[in-house]
Amino acid sequence: MRRAVCPGSFDPVTLGHLDVFERASVMFDEVIVSVFVNPGKDKAMFSMEDRVRLIRKATTHIPNLVVTSFSGLLNEFCREQKAQFIVRGLRAFTDFEYEFQRALLMKKIDRDLETVFIMTDERYSCLSSSGIREMLYFGGDITGFVPECIQKEIMERGAHSGVCPKKVREDR
Ligand code: ADP
């Protein structure tokens, strides 16, 4: 069985992520989407539980996909799940540098693990979770950026996350 892990922060999941999940599900027998803690990223807006639940809700149409979370090393998770592949999405050149380093590191740790990259669909190339969090901070419209079935919930949760600073403006 060809099993792949799609790891990420997914804080929150976007249409760009969903596109990667859908395309990976055609390439592999089973895709495990796993929400990971990224120690390099600041405080999350959504809890791990919320992120898992939102992804599950947005992926009910993909039968060979499961959603879970993990706090630990990716290679250990892959071994535990008997997954031979890691799927990552690539947007711009800036992603490449980071992803390249990560893929090489994984290869050094475990030679049997292959990292596979799925190039973003151009419709989603400008989408990022951090961009959406910024929109949520300031009450922007995120229509067309996240799966429609979870948009309302993302907006509500984002607004009540407590991460959002109050709007401030200095008058001149
Ligand atoms: P991480 O903290 O691990 O980078 P993210 O949730 O930011 O987690 O991203 C998870 C994966 O999805 C990464 O491989 C990232 O490059 C990819 N990704 C993010 N946004 C998009 C997008 N719009 N199109 C394609 N891939 C994307």
# chains A, B, ... in the order shown; residues from 1 in each chain; ligands from 1
>>> residues_around(residues="Leu15 (chain A)", least_positions_apart="6", cutoff="6 Å", atoms="only C-alpha atoms", output="VMD selection string")
chain A and resid 145 to 147
>>> write_last_selection(atoms="C-alpha atoms", output="PDB file, in the first residue's frame")
ATOM      1  CA  PHE A 145      -9.663  31.497   0.414  1.00  0.00           C
ATOM      2  CA  VAL A 146     -10.917  28.667   2.619  1.00  0.00           C
ATOM      3  CA  PRO A 147     -13.341  25.773   1.938  1.00  0.00           C
TER       4      PRO A 147
END
>>> residues_near_ligand(ligand="ligand 1", cutoff="9 Å", atoms="only C-alpha atoms and all ligand atoms", output="PDB file with C-alpha atoms, in the first residue's frame")
ATOM      1  CA  CYS A   6       0.650  15.457   4.388  1.00  0.00           C
ATOM      2  CA  PRO A   7       2.076  17.318   7.397  1.00  0.00           C
ATOM      3  CA  GLY A   8       1.455  20.961   8.165  1.00  0.00           C
ATOM      4  CA  SER A   9       0.325  23.563  10.656  1.00  0.00           C
ATOM      5  CA  PHE A  10      -2.942  24.210   8.761  1.00  0.00           C
ATOM      6  CA  ASP A  11      -3.692  27.218  10.980  1.00  0.00           C
ATOM      7  CA  PRO A  12      -6.231  27.320   9.343  1.00  0.00           C
ATOM      8  CA  VAL A  13      -6.599  24.993   6.344  1.00  0.00           C
ATOM      9  CA  THR A  14      -6.970  26.853   3.027  1.00  0.00           C
ATOM     10  CA  LEU A  15      -8.216  26.018  -0.462  1.00  0.00           C
ATOM     11  CA  GLY A  16      -4.542  25.663  -1.448  1.00  0.00           C
ATOM     12  CA  HIS A  17      -4.066  22.898   1.134  1.00  0.00           C
ATOM     13  CA  LEU A  18      -7.313  21.225   0.084  1.00  0.00           C
ATOM     14  CA  ASP A  19      -6.175  21.174  -3.537  1.00  0.00           C
ATOM     15  CA  VAL A  20      -2.933  19.450  -2.478  1.00  0.00           C
ATOM     16  CA  VAL A  35      -1.605  18.634  11.989  1.00  0.00           C
ATOM     17  CA  PHE A  36       1.831  19.202  13.467  1.00  0.00           C
ATOM     18  CA  VAL A  37       3.135  21.677  15.978  1.00  0.00           C
ATOM     19  CA  ASN A  38       5.620  23.856  14.114  1.00  0.00           C
ATOM     20  CA  PRO A  39       8.081  25.131  16.743  1.00  0.00           C
ATOM     21  CA  GLY A  40       9.241  27.779  14.269  1.00  0.00           C
ATOM     22  CA  LYS A  41       5.839  29.472  14.184  1.00  0.00           C
ATOM     23  CA  VAL A  87       3.697  15.247   0.521  1.00  0.00           C
ATOM     24  CA  ARG A  88       4.359  18.965   0.661  1.00  0.00           C
ATOM     25  CA  GLY A  89       2.914  21.784  -1.425  1.00  0.00           C
ATOM     26  CA  LEU A  90       5.095  24.280  -3.243  1.00  0.00           C
ATOM     27  CA  ARG A  91       4.097  27.809  -4.063  1.00  0.00           C
ATOM     28  CA  ALA A  92       6.852  30.283  -4.795  1.00  0.00           C
ATOM     29  CA  ASP A  95       8.890  27.922  -0.297  1.00  0.00           C
ATOM     30  CA  PHE A  96      11.496  26.023  -2.265  1.00  0.00           C
ATOM     31  CA  TYR A  98      12.689  25.891   3.098  1.00  0.00           C
ATOM     32  CA  GLU A  99      11.182  22.738   1.619  1.00  0.00           C
ATOM     33  CA  PHE A 117       6.130  18.015  -3.964  1.00  0.00           C
ATOM     34  CA  ILE A 118       2.854  19.098  -5.483  1.00  0.00           C
ATOM     35  CA  MET A 119       3.010  22.410  -7.296  1.00  0.00           C
ATOM     36  CA  THR A 120       0.274  24.795  -6.273  1.00  0.00           C
ATOM     37  CA  ASP A 121      -2.605  25.481  -8.611  1.00  0.00           C
ATOM     38  CA  GLU A 122      -2.147  29.032  -9.855  1.00  0.00           C
ATOM     39  CA  ARG A 123      -5.566  29.959  -8.411  1.00  0.00           C
ATOM     40  CA  TYR A 124      -4.134  29.335  -4.937  1.00  0.00           C
ATOM     41  CA  SER A 125      -0.535  30.422  -5.335  1.00  0.00           C
ATOM     42  CA  CYS A 126      -1.053  33.553  -3.241  1.00  0.00           C
ATOM     43  CA  LEU A 127      -2.898  31.752  -0.446  1.00  0.00           C
ATOM     44  CA  SER A 128      -1.295  31.188   2.931  1.00  0.00           C
ATOM     45  CA  SER A 129      -2.616  30.487   6.416  1.00  0.00           C
ATOM     46  CA  SER A 130      -0.690  33.492   7.730  1.00  0.00           C
ATOM     47  CA  PHE A 145      -9.663  31.497   0.414  1.00  0.00           C
TER      48      PHE A 145
END
>>> select_by_dssp(residues="region 8-67 of chain A", states="strand (DSSP E or B)", output="PyMOL selection string")
chain A and resi 8+30-36+65-67
>>> write_last_selection(atoms="C-alpha atoms", output="PDB file, in the first residue's frame")
ATOM      1  CA  GLY A   8       1.455  20.961   8.165  1.00  0.00           C
ATOM      2  CA  GLU A  30      -4.021   6.416   1.514  1.00  0.00           C
ATOM      3  CA  VAL A  31      -3.274   9.983   2.543  1.00  0.00           C
ATOM      4  CA  ILE A  32      -2.825  10.900   6.192  1.00  0.00           C
ATOM      5  CA  VAL A  33      -3.195  14.615   6.791  1.00  0.00           C
ATOM      6  CA  SER A  34      -1.518  15.382  10.077  1.00  0.00           C
ATOM      7  CA  VAL A  35      -1.605  18.634  11.989  1.00  0.00           C
ATOM      8  CA  PHE A  36       1.831  19.202  13.467  1.00  0.00           C
ATOM      9  CA  LEU A  65      -7.918  10.424   3.421  1.00  0.00           C
ATOM     10  CA  VAL A  66      -7.657  10.423   7.204  1.00  0.00           C
ATOM     11  CA  VAL A  67      -6.952  13.381   9.464  1.00  0.00           C
TER      12      VAL A  67
END
>>> residues_around(residues="Leu113 (chain A)", least_positions_apart="3", cutoff="7 Å", atoms="only C-alpha atoms", output="PyMOL selection string")
chain A and resi 84-85+107+110
>>> select_by_dssp(residues="chain A", states="alpha helix (DSSP H)", output="PyMOL selection string")
chain A and resi 15-27+48-58+74-81+93-109+129-137+148-159
>>> closest_residue(among="A:Leu54, A:Val26, A:Leu74, A:Ile132", to="Ala159 (chain A)", atoms="only C-alpha atoms")
A:Ile132
>>> closest_residue(among="A:Arg133, A:Cys78, A:Lys108, A:Ser69", to="Val52 (chain A)", atoms="only C-alpha atoms")
A:Ser69
>>> residues_around(residues="Ile62 (chain A)", least_positions_apart="2", cutoff="8 Å", atoms="only C-alpha atoms", output="list in words")
Glu22, Ser25, Thr59, Thr60, Asn64 and Leu65 of chain A
>>> residues_around(residues="Ile109 (chain A)", least_positions_apart="4", cutoff="12 Å", atoms="only C-alpha atoms", output="list in words")
Leu73, Leu74, Asn75, Glu76, Cys78, Arg79, Arg102, Ala103, Leu104, Leu105, Leu113 and Glu114 of chain A
>>> closest_residue(among="A:Ser47, A:Glu153, A:Val116, A:His61", to="Phe28 (chain A)", atoms="only C-alpha atoms")
A:Val116
>>> closest_residue(among="A:Arg2, A:His160, A:Lys57, A:Arg172", to="Glu148 (chain A)", atoms="only C-alpha atoms")
A:Lys57
